[in-house]
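Structure data (compact mmCIF, C-alpha atoms) from my_file.txt:
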```txt
# COMPACT_ATOMS: atom_id res chain seq x y z
CA MET P 144 -36.52 65.71 8.84
CA ALA P 145 -38.12 66.31 5.44
CA SER P 146 -41.85 66.95 5.50
CA LEU P 147 -44.33 65.20 3.26
CA ASN P 148 -47.37 66.37 1.34
CA SER P 149 -49.97 65.79 4.05
CA HIS P 150 -52.80 66.00 1.52
CA TYR P 151 -51.92 62.44 0.45
CA LEU P 152 -52.92 61.31 3.92
CA LYS P 153 -56.49 62.41 3.21
CA LEU P 154 -56.85 59.81 0.47
CA LYS P 155 -59.17 56.96 1.30
CA ALA P 156 -57.44 53.59 1.69
CA GLY P 157 -56.86 51.85 -1.61
CA TYR P 158 -57.34 53.38 -5.03
CA LEU P 159 -60.22 51.52 -6.67
CA PHE P 160 -58.33 49.30 -9.10
CA PRO P 161 -55.54 48.26 -6.71
CA GLU P 162 -58.27 47.22 -4.26
CA ILE P 163 -59.92 45.16 -6.96
CA SER P 164 -56.57 43.55 -7.73
CA ARG P 165 -56.05 42.76 -4.06
CA ARG P 166 -59.41 41.01 -3.79
CA VAL P 167 -58.93 39.07 -7.02
CA THR P 168 -55.47 37.93 -5.90
CA ALA P 169 -56.87 36.75 -2.58
CA PHE P 170 -59.65 34.88 -4.38
CA THR P 171 -57.35 33.10 -6.83
CA GLN P 172 -54.90 32.13 -4.09
CA ALA P 173 -57.77 30.62 -2.08
CA ASN P 174 -59.34 29.03 -5.18
CA PRO P 175 -56.50 28.11 -7.57
CA GLU P 176 -58.80 25.91 -9.65
CA ALA P 177 -60.98 28.95 -10.41
CA ALA P 178 -58.11 31.06 -11.71
CA ALA P 179 -58.28 29.49 -15.17
CA ARG P 180 -62.00 30.28 -15.40
CA LEU P 181 -61.58 33.93 -14.40
CA ILE P 182 -62.95 36.46 -16.89
CA ARG P 183 -61.92 40.07 -16.37
CA CYS P 184 -64.66 42.59 -17.16
CA GLY P 185 -63.42 45.14 -14.64
CA ILE P 186 -60.65 47.53 -15.62
CA GLY P 187 -61.20 49.12 -19.03
CA ASP P 188 -58.16 47.60 -20.73
CA VAL P 189 -58.30 46.61 -24.39
CA THR P 190 -57.58 43.05 -25.45
CA GLU P 191 -57.26 42.98 -29.25
CA PRO P 192 -53.95 43.34 -31.16
CA LEU P 193 -52.62 46.69 -32.33
CA PRO P 194 -53.87 47.64 -35.80
CA LEU P 195 -51.60 46.50 -38.64
CA ALA P 196 -51.22 50.08 -39.88
CA VAL P 197 -49.82 51.04 -36.47
CA ARG P 198 -47.44 48.10 -36.31
CA GLU P 199 -46.09 48.75 -39.78
CA ALA P 200 -45.57 52.45 -39.01
CA MET P 201 -43.77 51.65 -35.77
CA HIS P 202 -41.54 49.05 -37.47
CA SER P 203 -40.62 51.62 -40.11
CA ALA P 204 -39.89 54.19 -37.41
CA VAL P 205 -37.58 51.77 -35.61
CA ASP P 206 -35.73 51.07 -38.87
CA GLU P 207 -35.47 54.81 -39.47
CA LEU P 208 -33.90 55.28 -36.04
CA GLY P 209 -31.41 52.58 -36.97
CA THR P 210 -29.73 54.84 -39.51
CA ARG P 211 -27.59 57.88 -38.89
CA GLU P 212 -29.63 59.88 -41.38
CA GLY P 213 -32.98 58.92 -39.88
CA PHE P 214 -32.06 58.96 -36.20
CA HIS P 215 -34.09 61.18 -33.88
CA GLY P 216 -33.01 62.18 -30.39
CA TYR P 217 -35.07 64.49 -28.21
CA GLY P 218 -38.23 65.55 -29.98
CA PRO P 219 -40.50 68.52 -29.31
CA GLU P 220 -42.11 68.11 -25.90
CA GLN P 221 -45.51 69.09 -27.27
CA GLY P 222 -45.44 66.44 -30.00
CA TYR P 223 -44.02 66.08 -33.49
CA GLU P 224 -45.62 68.34 -36.06
CA PHE P 225 -46.68 65.39 -38.24
CA LEU P 226 -48.86 64.02 -35.44
CA ARG P 227 -50.22 67.35 -34.20
CA LYS P 228 -51.25 68.20 -37.75
CA ALA P 229 -52.84 64.77 -38.30
CA ILE P 230 -54.87 65.17 -35.10
CA ALA P 231 -55.96 68.75 -35.73
CA GLU P 232 -56.94 67.98 -39.31
CA GLY P 233 -58.37 64.49 -38.80
CA ASP P 234 -60.33 65.01 -35.60
CA TYR P 235 -61.29 68.66 -35.86
CA ARG P 236 -60.76 70.73 -39.02
CA SER P 237 -62.14 68.01 -41.32
CA LYS P 238 -65.30 68.18 -39.20
CA GLY P 239 -65.57 71.96 -39.39
CA LEU P 240 -64.02 72.66 -35.99
CA ASP P 241 -61.40 75.38 -35.57
CA VAL P 242 -58.38 73.79 -33.87
CA ALA P 243 -54.82 74.77 -34.75
CA ASP P 244 -51.90 72.32 -34.85
CA ASP P 245 -50.13 74.07 -31.98
CA GLU P 246 -53.23 73.82 -29.77
CA ILE P 247 -52.63 70.05 -29.67
CA PHE P 248 -50.34 68.74 -26.91
CA VAL P 249 -49.32 65.08 -27.30
CA SER P 250 -48.80 63.13 -24.07
CA ASP P 251 -48.48 59.60 -22.71
CA GLY P 252 -52.07 59.35 -21.52
CA SER P 253 -55.29 61.19 -20.70
CA LYS P 254 -55.09 59.97 -17.11
CA CYS P 255 -51.84 61.90 -16.77
CA ASP P 256 -53.24 64.97 -18.53
CA CYS P 257 -56.36 65.09 -16.35
CA ALA P 258 -54.04 65.16 -13.33
CA ASN P 259 -51.29 67.38 -14.71
CA ILE P 260 -53.67 70.12 -15.86
CA LEU P 261 -54.03 71.09 -12.21
CA ASP P 262 -50.46 72.42 -12.32
CA VAL P 263 -51.65 75.54 -14.16
CA PHE P 264 -54.68 76.26 -11.96
CA GLY P 265 -54.67 78.04 -8.62
CA PRO P 266 -55.57 76.45 -5.26
CA ASP P 267 -58.67 78.58 -4.68
CA ASN P 268 -60.87 77.24 -7.49
CA ARG P 269 -64.26 75.75 -6.67
CA ILE P 270 -64.33 72.39 -8.44
CA ALA P 271 -67.31 70.32 -9.59
CA VAL P 272 -67.18 66.62 -10.45
CA MET P 273 -69.76 64.14 -11.65
CA ASP P 274 -70.82 61.47 -9.15
CA PRO P 275 -70.15 58.64 -9.91
CA VAL P 276 -66.84 59.82 -11.29
CA TYR P 277 -63.56 58.58 -12.72
CA PRO P 278 -61.49 58.45 -9.48
CA VAL P 279 -58.50 60.28 -10.96
CA TYR P 280 -60.41 63.58 -11.08
CA VAL P 281 -61.08 63.49 -7.34
CA ASP P 282 -57.88 61.92 -6.04
CA THR P 283 -55.56 64.29 -7.90
CA ASN P 284 -57.42 67.29 -6.49
CA VAL P 285 -57.01 65.79 -3.03
CA MET P 286 -53.28 65.34 -3.65
CA ALA P 287 -53.00 68.94 -4.84
CA GLY P 288 -54.65 70.27 -1.67
CA HIS P 289 -57.85 71.47 -3.34
CA THR P 290 -60.18 69.63 -0.95
CA GLY P 291 -60.93 69.10 2.69
CA ALA P 292 -61.09 65.74 4.40
CA ALA P 293 -63.42 62.94 3.33
CA ASP P 294 -66.66 62.26 5.19
CA ASP P 295 -68.07 58.85 6.03
CA SER P 296 -69.43 58.42 2.49
CA GLY P 297 -66.03 59.18 0.96
CA ALA P 298 -67.01 62.62 -0.31
CA TYR P 299 -64.35 65.32 0.10
CA GLY P 300 -65.07 68.72 1.52
CA GLY P 301 -64.64 71.57 -0.92
CA LEU P 302 -65.74 69.62 -4.00
CA LEU P 303 -69.19 70.03 -5.51
CA TYR P 304 -70.54 66.61 -6.42
CA LEU P 305 -73.04 66.51 -9.28
CA PRO P 306 -75.23 63.41 -8.83
CA CYS P 307 -75.66 61.31 -11.96
CA THR P 308 -78.92 59.39 -11.67
CA PRO P 309 -81.44 57.59 -13.89
CA GLU P 310 -83.63 60.70 -13.66
CA ASN P 311 -81.01 62.93 -15.38
CA GLY P 312 -79.75 60.20 -17.70
CA PHE P 313 -76.52 60.00 -15.65
CA MET P 314 -75.47 63.33 -17.15
CA PRO P 315 -76.09 66.19 -14.68
CA GLY P 316 -77.37 69.63 -15.48
CA VAL P 317 -75.72 72.86 -14.37
CA PRO P 318 -75.64 73.68 -10.63
CA SER P 319 -77.41 76.58 -9.00
CA GLU P 320 -74.17 77.76 -7.40
CA LYS P 321 -71.02 79.11 -9.02
CA VAL P 322 -68.03 76.87 -9.65
CA ASP P 323 -64.75 77.57 -11.44
CA ILE P 324 -63.68 74.20 -12.87
CA ILE P 325 -66.02 71.45 -14.07
CA TYR P 326 -64.99 67.90 -14.95
CA LEU P 327 -67.28 66.41 -17.61
CA CYS P 328 -66.70 62.98 -19.13
CA SER P 329 -68.71 62.03 -22.22
CA PRO P 330 -69.17 59.26 -23.14
CA ASN P 331 -68.95 58.65 -19.46
CA ASN P 332 -66.73 56.35 -17.47
CA PRO P 333 -68.22 54.56 -15.52
CA THR P 334 -71.91 54.89 -16.45
CA GLY P 335 -71.64 54.69 -20.23
CA ALA P 336 -73.95 57.70 -20.56
CA ALA P 337 -73.30 60.44 -23.11
CA ALA P 338 -74.18 64.13 -23.08
CA THR P 339 -76.62 65.33 -25.70
CA ARG P 340 -75.97 68.50 -27.66
CA ALA P 341 -78.61 70.32 -25.61
CA ARG P 342 -76.97 69.31 -22.33
CA LEU P 343 -73.52 70.45 -23.48
CA GLU P 344 -75.01 73.73 -24.68
CA GLU P 345 -76.29 74.27 -21.12
CA TRP P 346 -72.84 73.64 -19.70
CA VAL P 347 -71.03 75.89 -22.16
CA ALA P 348 -73.52 78.69 -21.50
CA TYR P 349 -73.00 78.22 -17.75
CA ALA P 350 -69.20 78.26 -18.10
CA LEU P 351 -69.23 81.43 -20.21
CA GLU P 352 -71.58 83.18 -17.81
CA ASN P 353 -69.53 82.23 -14.74
CA ASP P 354 -66.02 82.48 -16.21
CA ALA P 355 -65.61 78.77 -15.51
CA ILE P 356 -63.53 76.19 -17.36
CA ILE P 357 -64.81 72.79 -18.47
CA LEU P 358 -62.32 69.93 -18.43
CA PHE P 359 -63.92 67.70 -21.06
CA ASP P 360 -62.75 64.09 -21.09
CA ALA P 361 -63.63 62.62 -24.50
CA ALA P 362 -61.47 59.49 -24.29
CA TYR P 363 -64.37 57.33 -25.55
CA GLU P 364 -65.68 59.58 -28.34
CA ALA P 365 -64.95 56.91 -30.99
CA TYR P 366 -67.71 54.77 -29.45
CA ILE P 367 -70.51 57.28 -29.99
CA THR P 368 -73.32 55.87 -32.14
CA GLU P 369 -76.20 58.32 -31.61
CA ALA P 370 -76.48 61.36 -33.87
CA ASN P 371 -77.45 63.83 -31.11
CA VAL P 372 -74.27 63.16 -29.10
CA PRO P 373 -71.35 65.50 -29.91
CA HIS P 374 -67.91 63.94 -30.34
CA SER P 375 -66.17 67.13 -29.21
CA ILE P 376 -67.04 69.96 -26.83
CA TYR P 377 -65.91 72.31 -29.58
CA GLU P 378 -69.01 71.43 -31.58
CA ILE P 379 -70.77 73.78 -29.17
CA PRO P 380 -70.44 77.49 -30.07
CA GLY P 381 -68.37 79.37 -27.51
CA ALA P 382 -66.63 76.27 -26.14
CA ARG P 383 -63.19 77.42 -27.30
CA LYS P 384 -63.43 80.20 -24.71
CA CYS P 385 -64.23 77.89 -21.81
CA ALA P 386 -63.16 74.28 -22.45
CA ILE P 387 -60.10 72.04 -22.54
CA GLU P 388 -60.54 68.67 -24.25
CA PHE P 389 -58.72 65.43 -23.44
CA ARG P 390 -58.55 62.54 -25.88
CA SER P 391 -56.68 59.26 -25.97
CA PHE P 392 -55.56 56.59 -28.43
CA SER P 393 -55.88 53.93 -25.73
CA LYS P 394 -59.42 52.76 -26.35
CA ASN P 395 -59.82 53.40 -30.09
CA GLY P 396 -56.35 52.38 -31.28
CA GLY P 397 -55.47 49.87 -28.58
CA PHE P 398 -52.72 52.04 -27.08
CA THR P 399 -53.26 51.21 -23.39
CA GLY P 400 -49.79 49.66 -23.29
CA VAL P 401 -48.21 51.84 -25.98
CA ARG P 402 -49.28 55.12 -24.30
CA CYS P 403 -50.29 58.12 -26.38
CA ALA P 404 -52.97 60.78 -25.96
CA PHE P 405 -53.46 64.49 -26.44
CA THR P 406 -54.99 67.59 -24.91
CA VAL P 407 -56.49 70.54 -26.78
CA VAL P 408 -55.95 73.96 -25.19
CA PRO P 409 -57.47 76.80 -27.29
CA LYS P 410 -55.49 80.02 -27.38
CA GLU P 411 -58.48 82.20 -26.46
CA LEU P 412 -59.05 80.32 -23.19
CA GLU P 413 -58.28 82.63 -20.24
CA CYS P 414 -57.96 82.47 -16.46
CA ARG P 415 -57.59 85.21 -13.87
CA THR P 416 -54.44 85.99 -11.91
CA ASP P 417 -54.27 86.81 -8.19
CA THR P 418 -54.73 90.46 -9.11
CA GLY P 419 -57.80 89.78 -11.24
CA GLU P 420 -56.05 90.17 -14.59
CA LYS P 421 -57.07 87.73 -17.34
CA ARG P 422 -54.25 85.71 -18.90
CA PRO P 423 -54.30 82.99 -21.61
CA LEU P 424 -53.82 79.43 -20.38
CA HIS P 425 -52.17 78.10 -23.56
CA PRO P 426 -48.69 79.55 -22.88
CA LEU P 427 -48.74 78.22 -19.32
CA TRP P 428 -49.64 74.69 -20.39
CA ASN P 429 -46.96 74.95 -23.07
CA ARG P 430 -44.42 75.98 -20.42
CA ARG P 431 -45.52 73.17 -18.15
CA PHE P 432 -44.94 70.66 -20.99
CA SER P 433 -41.53 72.11 -21.80
CA THR P 434 -40.44 72.00 -18.16
CA LYS P 435 -41.85 68.72 -16.86
CA PHE P 436 -42.13 66.44 -19.90
CA ASN P 437 -39.67 65.14 -22.48
CA GLY P 438 -42.29 64.10 -25.01
CA VAL P 439 -43.73 60.85 -26.32
CA SER P 440 -41.32 58.61 -28.22
CA TYR P 441 -40.88 59.09 -31.96
CA VAL P 442 -41.84 55.46 -32.64
CA THR P 443 -45.07 55.80 -30.67
CA GLN P 444 -46.04 59.03 -32.41
CA ARG P 445 -45.48 57.47 -35.83
CA GLY P 446 -47.80 54.67 -34.76
CA ALA P 447 -50.43 57.13 -33.58
CA ALA P 448 -50.23 59.09 -36.83
CA ALA P 449 -50.93 55.86 -38.75
CA LEU P 450 -54.36 55.71 -37.10
CA TYR P 451 -55.33 58.64 -39.34
CA SER P 452 -54.48 56.80 -42.56
CA ASP P 453 -57.27 55.14 -44.53
CA GLU P 454 -56.05 51.74 -43.35
CA GLY P 455 -55.77 52.92 -39.76
CA ARG P 456 -59.27 54.40 -39.71
CA ALA P 457 -60.74 51.19 -41.09
CA GLU P 458 -58.97 49.12 -38.43
CA VAL P 459 -60.07 51.46 -35.64
CA SER P 460 -63.64 51.19 -36.87
CA ALA P 461 -63.40 47.40 -36.78
CA LEU P 462 -62.03 47.44 -33.23
CA VAL P 463 -64.78 49.76 -32.01
CA THR P 464 -67.46 47.65 -33.73
CA ASN P 465 -66.06 44.51 -32.09
CA TYR P 466 -66.10 45.96 -28.58
CA MET P 467 -69.55 47.49 -29.02
CA GLU P 468 -70.92 44.13 -30.14
CA ASN P 469 -69.50 42.72 -26.91
CA ALA P 470 -71.33 45.50 -25.08
CA ARG P 471 -74.60 44.56 -26.76
CA ILE P 472 -74.17 40.88 -25.85
CA LEU P 473 -73.41 41.67 -22.20
CA ARG P 474 -76.10 44.34 -21.90
CA GLU P 475 -78.84 42.09 -23.25
CA ALA P 476 -77.78 39.14 -21.08
CA VAL P 477 -77.86 41.14 -17.86
CA SER P 478 -81.18 42.67 -18.87
CA ARG P 479 -82.64 39.19 -19.44
CA ALA P 480 -81.43 38.29 -15.94
CA GLY P 481 -83.88 40.89 -14.63
CA LEU P 482 -81.50 43.70 -13.68
CA THR P 483 -81.83 47.33 -14.74
CA VAL P 484 -79.13 48.19 -17.26
CA TYR P 485 -77.75 51.47 -18.58
CA GLY P 486 -74.94 52.41 -20.99
CA GLY P 487 -73.46 50.15 -23.64
CA VAL P 488 -74.83 52.28 -26.50
CA ASN P 489 -72.32 55.13 -26.84
CA ALA P 490 -69.60 53.59 -24.69
CA PRO P 491 -68.08 50.14 -24.04
CA TYR P 492 -69.34 50.16 -20.45
CA ILE P 493 -72.55 48.69 -19.04
CA TRP P 494 -73.81 50.25 -15.82
CA VAL P 495 -75.99 47.86 -13.84
CA LYS P 496 -78.29 48.44 -10.86
CA GLY P 497 -78.03 45.51 -8.47
CA PRO P 498 -80.89 43.97 -6.48
CA GLN P 499 -82.42 46.18 -3.81
CA GLY P 500 -80.28 46.33 -0.68
CA ALA P 501 -77.09 44.87 -2.16
CA THR P 502 -73.98 47.02 -1.86
CA SER P 503 -71.55 47.40 -4.73
CA TRP P 504 -68.79 45.44 -3.03
CA GLU P 505 -71.25 42.68 -2.08
CA LEU P 506 -72.14 42.45 -5.76
CA PHE P 507 -68.45 42.40 -6.66
CA ASP P 508 -67.80 39.49 -4.29
CA LYS P 509 -70.91 37.60 -5.43
CA ILE P 510 -69.99 37.85 -9.12
CA LEU P 511 -66.36 36.98 -8.43
CA ASN P 512 -67.15 33.98 -6.24
CA GLU P 513 -70.19 32.57 -8.03
CA ALA P 514 -69.47 33.45 -11.67
CA ASN P 515 -65.68 33.91 -11.54
CA ILE P 516 -66.02 37.27 -13.29
CA VAL P 517 -64.28 40.49 -12.28
CA ILE P 518 -66.46 43.60 -12.55
CA THR P 519 -66.01 47.06 -11.04
CA PRO P 520 -68.08 48.06 -7.97
CA GLY P 521 -70.02 51.26 -8.56
CA SER P 522 -69.29 52.70 -5.13
CA GLY P 523 -65.62 52.89 -6.11
CA PHE P 524 -66.60 55.74 -8.40
CA GLY P 525 -68.42 57.74 -5.71
CA SER P 526 -71.34 57.55 -3.30
CA ALA P 527 -73.91 57.88 -6.10
CA GLY P 528 -72.53 54.65 -7.55
CA GLU P 529 -73.50 52.61 -4.51
CA GLY P 530 -75.66 49.63 -5.44
CA TYR P 531 -74.39 49.62 -9.04
CA PHE P 532 -71.57 47.82 -10.83
CA ARG P 533 -69.77 48.40 -14.14
CA ILE P 534 -69.10 45.75 -16.77
CA SER P 535 -66.38 46.43 -19.32
CA ALA P 536 -66.90 45.19 -22.88
CA PHE P 537 -63.17 45.14 -23.57
CA ASN P 538 -62.63 41.44 -24.14
CA SER P 539 -62.49 38.76 -26.78
CA ARG P 540 -65.82 37.75 -28.29
CA ALA P 541 -65.58 34.28 -26.79
CA LYS P 542 -65.01 35.63 -23.28
CA ALA P 543 -67.76 38.23 -23.65
CA GLU P 544 -70.21 35.51 -24.68
CA GLU P 545 -69.14 33.24 -21.82
CA ALA P 546 -69.38 36.11 -19.32
CA ALA P 547 -72.84 36.91 -20.62
CA ARG P 548 -73.97 33.30 -20.09
CA ARG P 549 -72.64 33.24 -16.53
CA LEU P 550 -74.14 36.59 -15.57
CA GLU P 551 -77.54 35.61 -16.96
CA ALA P 552 -77.44 32.31 -15.06
CA LEU P 553 -76.69 33.90 -11.66
CA ALA P 554 -79.37 33.84 -8.98
CA TRP P 555 -79.77 37.59 -8.38
CA SER P 556 -82.60 37.63 -5.84
```
Starting from the file, give its structure as structure tokens.
Amino acid sequence: MASLNSHYLKLKAGYLFPEISRRVTAFTQANPEAAARLIRCGIGDVTEPLPLAVREAMHSAVDELGTREGFHGYGPEQGYEFLRKAIAEGDYRSKGLDVADDEIFVSDGSKCDCANILDVFGPDNRIAVMDPVYPVYVDTNVMAGHTGAADDSGAYGGLLYLPCTPENGFMPGVPSEKVDIIYLCSPNNPTGAAATRARLEEWVAYALENDAIILFDAAYEAYITEANVPHSIYEIPGARKCAIEFRSFSKNGGFTGVRCAFTVVPKELECRTDTGEKRPLHPLWNRRFSTKFNGVSYVTQRGAAALYSDEGRAEVSALVTNYMENARILREAVSRAGLTVYGGVNAPYIWVKGPQGATSWELFDKILNEANIVITPGSGFGSAGEGYFRISAFNSRAKAEEAARRLEALAWS
């Protein structure tokens, strides 16, 4: 009989969002009249139409494929040169950051990249994650066999959890012990917090001193509003020697259903072999792409490239402004209701502390049943999220305003 990967059996029952879906389905089946009133402020999925510049570029690409002269079959696994160049120039070199075209690897999503990057790392690395944390970072390390079993709180042995609290602005400082791989997400999902330049300088200095690698998830960088918050880890001197950056078109360009993202792997980034020799990571990630991935579709990449046009940039800016206005409306409403609120300034997420003694899932059920709103329970992101919940600002203006009214009207005590 074939054997299975027993590490999957260590996973706690129910990935966060499927569990939310299960509870919402049960609620709507029991309360069919409430289904029409349901407002989803849980999963971070965009709601507004694709930018016109993207749609026009994708239509043109489809027409191009409809001719013998313009047809494209298999493309380069790492991404077409026109998109890699647009990314490197538009997001990095135009801002004074040294990133080459071939250091960009185009993929179908940052979620996939954050998981797939583990393919090129060994099993003996000591890994640090923020707590609360985007569940993918933890669960994929469990699947890969990099952890022990989970304890009663859901924490896995072998991982170093870095508590994110009001006292540290939900952005932890460096640990006193040595780790090899650090997951940092800024602006952060779920807390909405963002790392200041000084905090990132601490982390880069730590990584360089300890020969560690930072996996920097910058999927929400387009939402940064404060001047002291870097948009890229590479704004910090020395980061090219110790950091990999993940970015996505999902939340700025509305590509959650289209699927396109990219990872930056600098050529000077090195890891050690079993014999202690240092080897560059870039060729290994390139080989991984060539072996396990056939590339993002030509039509999708043409659409992504259009986001870097003048028209595309203007439309992205309008989308971001729209969602951040939703965040302001929701943040202020919940604050008026008497709850302590964080986030919503550099990210489209509002992180809310519930009344004393209420668990995250109790808050989820209360808001679902009494306000017919779906939020995300904080404990689903880790033990440090217990007692909190996350509100997503990805919604229409009308639904954001209605959700704000309902949340403010709830009896919280």
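Taking atom CA of P:Leu412 and atom CA of P:Leu424 as endpoints, the distance between them is 6.0 Å.
Nearest residue to P:Ala476, choosing from P:Cys403, P:Leu550, P:Leu240, P:Val408 and counting only C-alpha atoms: P:Leu550.
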So that I can see what lies close to P:Lys410, please list as a count of residues only the residues with an atom at most 9 Å from it, counting all atoms listed in the file and leaving out residues fewer than 2 positions away in the same chain. 10
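If you measure from each of P:Ile367, P:Gly381, P:Gly446, P:Ser391 to P:Glu352 using all atoms listed in the file, the closest one turns out to be P:Gly381.
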Work out where the centre of an axis-aligned box around every listed atom of stretch 413-423 of chain P lies and how long its edges are once 5 Å is added on each side; give both in Å to one decimal as JSON.
```
{"center_x": -56.3, "center_y": 86.5, "center_z": -14.9, "size_x": 14.0, "size_y": 18.0, "size_z": 23.4}
```
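Atom CA of P:Phe389 lies 26.4 Å from atom CA of P:Arg471.
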Here is a test: counting only C-alpha atoms, which residue of P:Ala386, P:Ile247, P:Val197, P:Met286 is nearest to P:Asn429? P:Ile247
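Note that atom CA of P:Pro333 and atom CA of P:Asp360 are 12.3 Å apart.
Proximity to P:Phe436 was assessed for P:Ala348, P:Ile387, P:Cys255, P:Val263 counting all atoms listed in the file; the smallest distance is recorded for P:Cys255.
Between P:Gly523 and the residues P:Ser503, P:Asn371, P:Gln221, P:Ser164, the shortest atom-to-atom distance, using all atoms listed in the file, involves P:Ser503.
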For the point (-77.2, 73.4, -15.1) in file coordinates, what residues are within 9 Å, counting all atoms listed in the file? Give the answer as a short mmCIF file (atom, residue, chain, number, x, y, z; two decimals) with C-alpha atoms, in the frame of the given file?
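Writing done, so here's result.cif:
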```
data_model
loop_
_atom_site.label_atom_id
_atom_site.label_comp_id
_atom_site.auth_asym_id
_atom_site.auth_seq_id
_atom_site.Cartn_x
_atom_site.Cartn_y
_atom_site.Cartn_z
CA PRO P 315 -76.09 66.19 -14.68
CA GLY P 316 -77.37 69.63 -15.48
CA VAL P 317 -75.72 72.86 -14.37
CA PRO P 318 -75.64 73.68 -10.63
CA SER P 319 -77.41 76.58 -9.00
CA ARG P 342 -76.97 69.31 -22.33
CA GLU P 345 -76.29 74.27 -21.12
CA TRP P 346 -72.84 73.64 -19.70
CA TYR P 349 -73.00 78.22 -17.75
#
```
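Between P:Ile230 and the candidates P:Ala552, P:Lys321, P:Ser253, P:Ala404, the tightest atom-to-atom separation, counting all atoms listed in the file, involves P:Ala404.
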Show me as a list in words the residues that reach within 10 Å of (-71.0, 36.0, -23.2), counting all atoms listed in the file and using the file's own coordinates. Asn469, Ala470, Arg471, Ile472, Leu473, Arg474, Glu475, Ala476, Ser539, Arg540, Ala541, Lys542, Ala543, Glu544, Glu545, Ala546, Ala547, Arg548, Arg549, Leu550 and Glu551 of chain P
Within 9 Å of stretch 293-314 of chain P, which residues of stretch 510-549 of chain P show up? Give each one with its shortest atom-to-atom distance in Å (one decimal) and the two atoms involved, counting only C-alpha atoms, rows by chain then rising residue number, as a tab-separated table.
```
residue	atom	partner	partner_atom	distance
P:Gly525	CA	P:Gly297	CA	7.2
P:Ser526	CA	P:Ser296	CA	6.2
P:Ala527	CA	P:Pro306	CA	6.3
P:Gly528	CA	P:Cys307	CA	8.6
```
Go ahead and save the picked residues with C-alpha atoms, as a PDB file, in the coordinates of the input.
```pdb
ATOM      1  CA  GLY P 525     -68.420  57.740  -5.710  1.00  0.00           C
ATOM      2  CA  SER P 526     -71.340  57.550  -3.300  1.00  0.00           C
ATOM      3  CA  ALA P 527     -73.910  57.880  -6.100  1.00  0.00           C
ATOM      4  CA  GLY P 528     -72.530  54.650  -7.550  1.00  0.00           C
TER       5      GLY P 528
END
```
Quick one: residues within 12 Å of P:Val249, all atoms listed in the file, excluding same-chain residues fewer than 2 positions away - as a PyMOL selection string? chain P and resi 218-231+244-247+251-253+255-256+389-392+402-408+428-429+432-433+436-441+443-444+447-448
What's around P:Cys257 at 10 Å? Count all atoms listed in the file, leave out sequence neighbours fewer than 6 positions away in its own chain, and write the answer as a PyMOL selection string. chain P and resi 279-280+283+326+358-360+388-389+406
